[in-house]
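Contents: one structure, followed by commentary.
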Amino acid sequence: MAVIEPMEVDTTATLVDPAKAPKRASRGRLIWLRLKSTPRFWIGVTVVVLMMLWAIIGLWFTHWNPTDQDLINSRTGPSSSHFFGTDDIGQDIYAETVVGLRKSLAIGLIAGPLSTLISAFVGSFAGYVGGKADSVISWFINLLLVVPAFFLLVLISPLLKDKAWIALIFFIAAFTWMVMAQVIRAQTKSLRDRDFVKAARFMGVDTFTILRRHIIPNVASLLIIDATLGVVYAIIAETSLSYFGFGIQPPQVSLGTLLADGSSAATTRPWAFVFPAGALILFLFAVSLIGDALRDAVDPTSGATRD
Amino acid sequence: MTSAPLLEVRNLSVDFPQSGSTVHAVRDISYEVNRGEFLGIVGESGSGKSVSSMAVMGLLPASAQVSGDILFRGESLLAMNDRKLSQLRGNEISMIFQDPLSALTPVYTVGNQITEGLLLHDSALSKQAAAARAVELLRIVGIPAPERRVKAFPHEFSGGMRQRVMIAIAIANDPNLIIADEPTTALDVTIQAQILEVLQKAKEITGAAVVLITHDLGVVAGNADRIAVMYAGKLVETGSVDDVFNRPHMPYTLGLLRSVPNLITAGKTRLVPLEGRPPSLDALPPGCPFEPRCPISIAECRTVEPPLLSIGSVHEAACIRAPEIAAGKLSAADVFPRPEPIPPSDQAKVEGRTVLEVTDVKRYFDLTRGAVFKRQIGTVKAVDGVSFTIHEGEVLGLVGESGCGKSTTILEILELTSPQHGSIEIDGVDVSTLSKDQRLAKRKDIQVVFQDPMAALDPRLTIEDIVAEPLTVHNVAKPEQRRRVGELLETVGLDASMGARYPHEFSGGQRQRIGIARALATEPKLLILDEPVSALDVSIQAGVINLLEDLKERLGLSYLFVAHDLAVVRQMADKVAVMYLGRIVEAGPVDDVFARPHHPYTQALMSAVPIPDPAAERSRKRILLDGDLPSPTDEISGCRFHSRCPLFKVLDPSLQQRCLTEDPQLRVIDTSSAACHYVERNTLQVM
């Protein structure tokens, strides 16, 4: 029994240490605690939630539809009837902004995480398996990185014209995952040599279980940040493409097409440009705040919290 | 003025305020260092030993709050401004850091880095004179061909050589005080012995006082005049080396001394574990910080923190019951009784079957250059013909310095695939004949425990998931898994209810127990232990070693125990194999090899291990090896060891020829075997 006795001392020492209890929170809880005390995070979340709500129910507050034309009041500034004014052909800019925001949000919120998903899968696989597969994948990633994605999208856009805007989501995702995949690949390479991964391998755990159970959860914080900031990038990609006429095609509207229409009148009739642009900037800003706060919470040595 | 101590630390406290709490890293310590004295400060990680010396150097981060006073030759260091302090640093007081890798600037030659310090503190010195002095210094610290090496960059030096350069920089300006912060922790034992020798030499040449900070009791035993033991930010015992080692009065020192395996006595008695862990320094309970781990604590210990009480002329200990210990009412055996071995009735029956047989395994790595068209520029012979067998219930200790190929050997075994050359048989089955399914089944029989308990457990999984992982591979049902995990945690001395927690909630020793529990999950026959205790604090080591010994007895396990610490190997192993540059140079029963080492390398290795016993340390004769391990890419003809061999040096040139041309093979000598041509002529003495 002499063997068991000292070990009990060991365990009780951990159990009866109430002073340390709050510090023993899991990593997830720690991140959440840090996030909770960051005002940036709450500002970002509030704005994002409000804007999403607005995109969903915004049309309830006006009797105009985005396709309706009020020809009598075309090119007029904001009024009680047209909150954001009207454009050349008398369409209500408020209604158009709400609908455009919906589309941009949908594209951003799907394409951002989708691109993260691709990078997580490809990056961790290449990093873990190594060897020939890794060389081929890295070569492919580097190839995609040197090809200017924007021009490629421009080239492909004629194909997109007839397809639904859904296709655009996949194209944006397909061209934005590479950098993150490289990061994940490098992280995986260092994780692969960690003892717990080796231990799993020597237990006979198969490759995909190791990726799922050990690798991906250990890069999860990176992935969450990337998914958040990916939303920003996807929306910017969509608006720029649409602005130049390669993305969303009329009669559908997105913030990008609205900006394109309004840009020519930006100085003379600012309402046609300022409101959609404002909505876009506000949303991107809010998401960036969340991403930034997340990054600081996950990695206390980065950014503002650095001593 | 002459009687005043060189360095006087008075009531020094260092606090690190953090969000919500304050870490009291050093709490009200006072000590002094006299001229030419060698003071050893001993403590476990987090005991505040490094922080206190950083305070002396004025190198604490700005967030630290320092109170008390530090007097250097009667002048307060804390009151000095940075400019004045800079004049002292490197000139009067110099420091040697733990990690020689990061302590030298990679973009300057070592000569530049030595002369920088010289020129900074002596504006009259010419560049030529400084350069000449740099060469001189490198020669003093034992760097071969200093005229050439002075122009080399740090990356061209090995770890031991870099530490020598650090010492050269430290003594460049003939300082009065050298602070060495764990100067040998990152180095191998044979290199450690060299560095300690150089440090002693530096002390003699400069006449400086040395403060050596270390966790290794053996290192201070042989070198220091006086030692100070730190625990939880406080000095708990100070005194002359002999007093503290022979008559410790603080239970912590007592326990520490009994928990360390000693190369001479190891294997004969069981170690005494010092369980529990040091308190966290941000929320110290009132009373003695050691009270929760102290076996002789009384109610009073929980209320007042004892001050240092004088026992002898220079001997002080911080314990309420120190007078009782001094009076001989409490002996070490009373305070920390040795745990009983497992009674024979609980021991598993072993039949002595062969569990692992490794025959002439080789592992070469090709060195290639070029990205597209790879061409071979050399071969690293990481493992070059290694053979050994392990029987049921047996422990084989595989010993060697870093880079000798011991890790590669165990990886070869764990892969369970056919090796490049030779064969590996587990339980009589050649692994190269296994099919994929058979291999998976075989993995049940052989499991591994890694060195670093932090890295070996996935931080994102609960303990239950971690321990159950090997079971999921072999399709054990969930409820059965849970039952088994509880059982395993109990086996390794943890509470079964701890399964829902995460690894970071456990101390190093507990994490290593979790690692052992995971390895035991599939009821293996053979455990491969890769330095299982070397990453743990000394006071924790004993508990894990005892656990491993008990498990072996109760479950009839066999261990392949890989370690660089000879004392731990002697404590645990039945057989030992000493590796050097990919080869086994000596193998045999542990007692025979340790009592009568035949190979000069084994002899050197054993004489380099510091023993935590000042009397034994002083009377020992050391065999110091020259230089470092040769680069594994070098093509070596003849004996691999001849470049460093102390026997080779004293041999007749006609006999040396054989060492240079003929590669010695293992041959049986008495009960063990050694790979040396001239074992019979070996008159080197150890111990």
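Every chain in the structure tokens has a letter given in the order shown (A, B, ...), and although residue numbers restart at 1 in each chain, ligands are simply numbered from 1 in the order shown.
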* To do: Please identify all polymer residues within 12 Å of region 477-485 of chain B, counting only C-alpha atoms, omitting same-chain residues fewer than 5 positions from it, and present them as a PyMOL selection string.
  => chain B and resi 462-472+490-492+494-500+514+516-523
* Asked: Which residues come within 12 Å of Asp437 (chain B), counting only C-alpha atoms, excluding same-chain residues fewer than 4 positions away, as a ChimeraX atom specification?
  -> /A:204 /B:416,433,441-444,473-474
* To do: Could you jot down the CA of Thr76 (chain A) to CA of Phe275 (chain A) separation for me, Å, one decimal place?
  =>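 Separation of CA of Thr76 (chain A) and CA of Phe275 (chain A): 13.9 Å.
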* Asked: Near chain A, which residues of chain B fall within 7 Å when you count only C-alpha atoms, and what do they look like as a ChimeraX atom specification?
  -> /B:275-276,283,339-340,414-415,440,443,450,455-458,460,470,473,493-495,505
Can you tell me which residues surround Ala173 (chain A) at a distance of at most 9 Å, considering only C-alpha atoms, apart from same-chain residues fewer than 5 positions away, and format the answer as an mmCIF file with N, CA and C atoms, in the first residue's frame?
```
data_model
loop_
_atom_site.group_PDB
_atom_site.id
_atom_site.type_symbol
_atom_site.label_atom_id
_atom_site.label_comp_id
_atom_site.auth_asym_id
_atom_site.auth_seq_id
_atom_site.Cartn_x
_atom_site.Cartn_y
_atom_site.Cartn_z
ATOM 1 N N ILE A 110 -21.060 32.973 -46.679
ATOM 2 C CA ILE A 110 -20.844 31.607 -47.166
ATOM 3 C C ILE A 110 -19.430 31.445 -47.709
ATOM 4 N N ALA A 111 -19.004 32.410 -48.540
ATOM 5 C CA ALA A 111 -17.705 32.251 -49.212
ATOM 6 C C ALA A 111 -16.542 32.301 -48.226
ATOM 7 N N GLY A 112 -16.619 33.165 -47.197
ATOM 8 C CA GLY A 112 -15.519 33.285 -46.232
ATOM 9 C C GLY A 112 -15.228 31.961 -45.526
ATOM 10 N N PRO A 113 -16.221 31.433 -44.787
ATOM 11 C CA PRO A 113 -15.999 30.151 -44.115
ATOM 12 C C PRO A 113 -15.693 29.005 -45.085
ATOM 13 N N LEU A 114 -16.301 29.052 -46.274
ATOM 14 C CA LEU A 114 -16.048 27.980 -47.238
ATOM 15 C C LEU A 114 -14.572 27.948 -47.620
ATOM 16 N N SER A 115 -14.012 29.130 -47.840
ATOM 17 C CA SER A 115 -12.603 29.184 -48.212
ATOM 18 C C SER A 115 -11.733 28.681 -47.049
ATOM 19 N N THR A 116 -12.150 28.996 -45.818
ATOM 20 C CA THR A 116 -11.408 28.504 -44.648
ATOM 21 C C THR A 116 -11.448 26.983 -44.583
ATOM 22 N N ILE A 118 -11.765 24.906 -47.040
ATOM 23 C CA ILE A 118 -10.863 24.334 -48.049
ATOM 24 C C ILE A 118 -9.424 24.409 -47.546
ATOM 25 N N LEU A 168 -20.949 32.497 -57.990
ATOM 26 C CA LEU A 168 -19.939 33.484 -57.605
ATOM 27 C C LEU A 168 -19.317 33.139 -56.254
ATOM 28 N N ALA A 234 -14.304 38.251 -48.778
ATOM 29 C CA ALA A 234 -15.253 37.789 -49.787
ATOM 30 C C ALA A 234 -16.195 38.906 -50.212
#
```
* To do: Using only C-alpha atoms, find the one residue out of B:Glu237, B:Glu32, B:Glu116, B:Glu635 that sits nearest to Ala322 (chain B).
  =>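 Closest residue, counting only C-alpha atoms: B:Glu237.
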* Asked: region 54-69 of chain A: which residues within 8 Å, counting only C-alpha atoms, same-chain residues fewer than 2 positions away excluded, as a VMD selection string?
  -> chain A and resid 50 to 52 71 81 89 to 93 95 to 96 98 to 99 101 to 102
Just want the 12 Å neighbourhood of Asp591 (chain B), counted on only C-alpha atoms, with same-chain residues fewer than 6 positions away dropped. Output as a short mmCIF file (atom, residue, chain, number, x, y, z; two decimals) with C-alpha atoms, in the first residue's frame.
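Result went into around_14.cif, see below:
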```
data_model
loop_
_atom_site.label_atom_id
_atom_site.label_comp_id
_atom_site.auth_asym_id
_atom_site.auth_seq_id
_atom_site.Cartn_x
_atom_site.Cartn_y
_atom_site.Cartn_z
CA LEU B 263 25.06 7.06 -9.14
CA ILE B 264 26.86 5.15 -6.42
CA THR B 265 23.93 3.98 -4.37
CA ALA B 266 21.28 3.82 -7.09
CA GLY B 267 19.46 0.56 -7.62
CA LYS B 268 20.04 -0.72 -4.12
CA GLY B 397 18.72 1.00 -20.15
CA ALA B 567 21.97 7.49 -12.05
CA VAL B 569 19.38 4.14 -15.39
CA ARG B 570 21.26 2.44 -12.59
CA GLN B 571 18.23 2.87 -10.38
CA MET B 572 15.83 1.24 -12.83
CA ALA B 573 17.61 -1.01 -15.29
CA ASP B 574 18.63 -4.66 -15.17
CA LYS B 575 20.83 -4.40 -18.21
CA VAL B 576 22.50 -1.42 -19.75
CA PRO B 597 33.21 -0.30 -16.86
CA THR B 671 30.04 -10.73 -17.77
CA SER B 672 29.58 -7.78 -20.10
#
```
* Residue nearest Ser138 (chain A) - candidates A:Ile184, A:Leu109, A:Val154, A:Ile72, atoms counted: only C-alpha atoms ->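 Ranking A:Ile184, A:Leu109, A:Val154, A:Ile72 by distance to Ser138 (chain A), first place goes to A:Ile184.
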* **Which of region 116-273 of chain A fall in alpha helix (DSSP H), as a PyMOL selection string** => chain A and resi 116-129+131-146+149-160+166-174+178-192+195-203+207-210+216-218+220-243+255-263+271-273
Write to file, as a CSV table (one decimal), in the first residue's frame, the residues of the selection just made, with C-alpha atoms.
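Generated output (result-v9.csv):
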```
chain,number,residue,atom,x,y,z
A,116,THR,CA,-11.4,28.5,-44.6
A,117,LEU,CA,-12.8,25.0,-44.9
A,118,ILE,CA,-10.9,24.3,-48.0
A,119,SER,CA,-7.7,25.7,-46.6
A,120,ALA,CA,-8.0,23.7,-43.4
A,121,PHE,CA,-8.6,20.5,-45.3
A,122,VAL,CA,-5.9,21.0,-48.0
A,123,GLY,CA,-3.3,22.6,-45.7
A,124,SER,CA,-3.5,20.0,-42.9
A,125,PHE,CA,-3.5,17.1,-45.3
A,126,ALA,CA,-0.5,18.4,-47.2
A,127,GLY,CA,1.4,19.2,-44.0
A,128,TYR,CA,0.7,15.9,-42.3
A,129,VAL,CA,1.1,13.5,-45.2
A,131,GLY,CA,6.3,13.8,-49.2
A,132,LYS,CA,5.1,13.7,-52.8
A,133,ALA,CA,1.5,14.7,-52.0
A,134,ASP,CA,2.8,17.7,-50.2
A,135,SER,CA,5.1,18.7,-53.0
A,136,VAL,CA,2.2,18.5,-55.5
A,137,ILE,CA,-0.2,20.4,-53.4
A,138,SER,CA,2.3,23.1,-52.5
A,139,TRP,CA,3.2,23.5,-56.1
A,140,PHE,CA,-0.5,23.9,-57.0
A,141,ILE,CA,-1.0,26.4,-54.2
A,142,ASN,CA,1.9,28.4,-55.3
A,143,LEU,CA,0.6,28.3,-58.9
A,144,LEU,CA,-2.7,29.7,-57.8
A,145,LEU,CA,-1.0,32.3,-55.7
A,146,VAL,CA,0.9,33.8,-58.6
A,149,ALA,CA,-7.2,35.8,-58.9
A,150,PHE,CA,-9.1,39.0,-59.8
A,151,PHE,CA,-8.1,38.7,-63.5
A,152,LEU,CA,-9.0,35.1,-63.5
A,153,LEU,CA,-12.4,35.9,-62.2
A,154,VAL,CA,-12.7,38.6,-64.8
A,155,LEU,CA,-11.9,36.0,-67.5
A,156,ILE,CA,-14.4,33.5,-66.0
A,157,SER,CA,-17.2,36.0,-65.5
A,158,PRO,CA,-18.8,35.5,-69.0
A,159,LEU,CA,-19.5,31.9,-67.9
A,160,LEU,CA,-21.0,33.3,-64.7
A,166,ILE,CA,-24.5,31.2,-56.1
A,167,ALA,CA,-21.7,30.3,-58.6
A,168,LEU,CA,-19.9,33.5,-57.6
A,169,ILE,CA,-19.7,32.3,-54.0
A,170,PHE,CA,-17.8,29.2,-55.1
A,171,PHE,CA,-15.5,31.1,-57.4
A,172,ILE,CA,-14.6,33.5,-54.6
A,173,ALA,CA,-14.0,30.7,-52.2
A,174,ALA,CA,-11.9,28.8,-54.8
A,178,MET,CA,-4.4,29.5,-50.7
A,179,VAL,CA,-2.6,31.8,-48.2
A,180,MET,CA,-4.4,30.3,-45.2
A,181,ALA,CA,-3.7,26.8,-46.6
A,182,GLN,CA,0.0,27.6,-46.5
A,183,VAL,CA,-0.3,28.8,-42.9
A,184,ILE,CA,-2.2,25.7,-41.9
A,185,ARG,CA,0.3,23.5,-43.7
A,186,ALA,CA,3.2,25.1,-41.9
A,187,GLN,CA,1.5,24.8,-38.5
A,188,THR,CA,0.6,21.1,-39.3
A,189,LYS,CA,4.2,20.4,-40.1
A,190,SER,CA,5.3,21.6,-36.7
A,191,LEU,CA,2.4,19.8,-35.0
A,192,ARG,CA,3.3,16.6,-36.8
A,195,ASP,CA,4.9,14.0,-29.3
A,196,PHE,CA,1.1,13.6,-29.0
A,197,VAL,CA,0.8,13.2,-32.7
A,198,LYS,CA,3.6,10.7,-32.7
A,199,ALA,CA,2.0,8.9,-29.8
A,200,ALA,CA,-1.2,8.6,-31.8
A,201,ARG,CA,0.6,7.4,-34.8
A,202,PHE,CA,2.4,4.7,-32.8
A,203,MET,CA,-0.9,3.7,-31.3
A,207,THR,CA,-4.3,9.5,-40.8
A,208,PHE,CA,-7.8,11.1,-41.1
A,209,THR,CA,-8.6,10.5,-37.4
A,210,ILE,CA,-5.3,12.2,-36.5
A,216,ILE,CA,-7.5,20.6,-36.8
A,217,PRO,CA,-8.6,21.3,-33.2
A,218,ASN,CA,-5.1,22.6,-32.5
A,220,ALA,CA,-8.9,25.9,-34.8
A,221,SER,CA,-8.3,29.3,-33.3
A,222,LEU,CA,-6.4,30.3,-36.5
A,223,LEU,CA,-9.3,28.9,-38.6
A,224,ILE,CA,-11.9,30.9,-36.7
A,225,ILE,CA,-10.1,34.1,-37.2
A,226,ASP,CA,-9.5,33.3,-40.8
A,227,ALA,CA,-13.2,32.5,-41.3
A,228,THR,CA,-14.2,35.9,-39.8
A,229,LEU,CA,-11.8,37.9,-41.8
A,230,GLY,CA,-12.6,35.8,-44.8
A,231,VAL,CA,-16.1,37.3,-44.7
A,232,VAL,CA,-14.6,40.7,-45.2
A,233,TYR,CA,-12.4,39.6,-48.0
A,234,ALA,CA,-15.3,37.8,-49.8
A,235,ILE,CA,-17.6,40.8,-49.6
A,236,ILE,CA,-14.8,43.1,-50.9
A,237,ALA,CA,-14.2,40.6,-53.7
A,238,GLU,CA,-17.8,40.5,-54.6
A,239,THR,CA,-18.4,44.2,-54.5
A,240,SER,CA,-15.3,44.9,-56.6
A,241,LEU,CA,-16.3,42.4,-59.2
A,242,SER,CA,-19.8,43.6,-59.3
A,243,TYR,CA,-18.6,47.2,-59.4
A,255,LEU,CA,-23.8,46.6,-52.9
A,256,GLY,CA,-21.3,46.4,-55.7
A,257,THR,CA,-23.7,47.1,-58.5
A,258,LEU,CA,-25.3,49.9,-56.4
A,259,LEU,CA,-21.9,51.5,-56.0
A,260,ALA,CA,-21.2,51.2,-59.7
A,261,ASP,CA,-24.5,52.9,-60.5
A,262,GLY,CA,-24.1,55.6,-58.0
A,263,SER,CA,-20.4,56.3,-58.5
A,271,TRP,CA,-27.2,59.9,-51.7
A,272,ALA,CA,-27.0,57.4,-54.6
A,273,PHE,CA,-23.5,56.5,-53.6
```
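Relative to CA of Lys329 (chain B), CA of Ile311 (chain B) is found at 14.9 Å.
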* Work out how far CA of Arg162 (chain B) is from CA of Leu39 (chain B), in Å to one decimal. => 23.6 Å
* Using only C-alpha atoms, find the one residue out of B:Leu88, B:Leu6, B:Val150, B:Met230 that sits nearest to Ser50 (chain B). => B:Met230
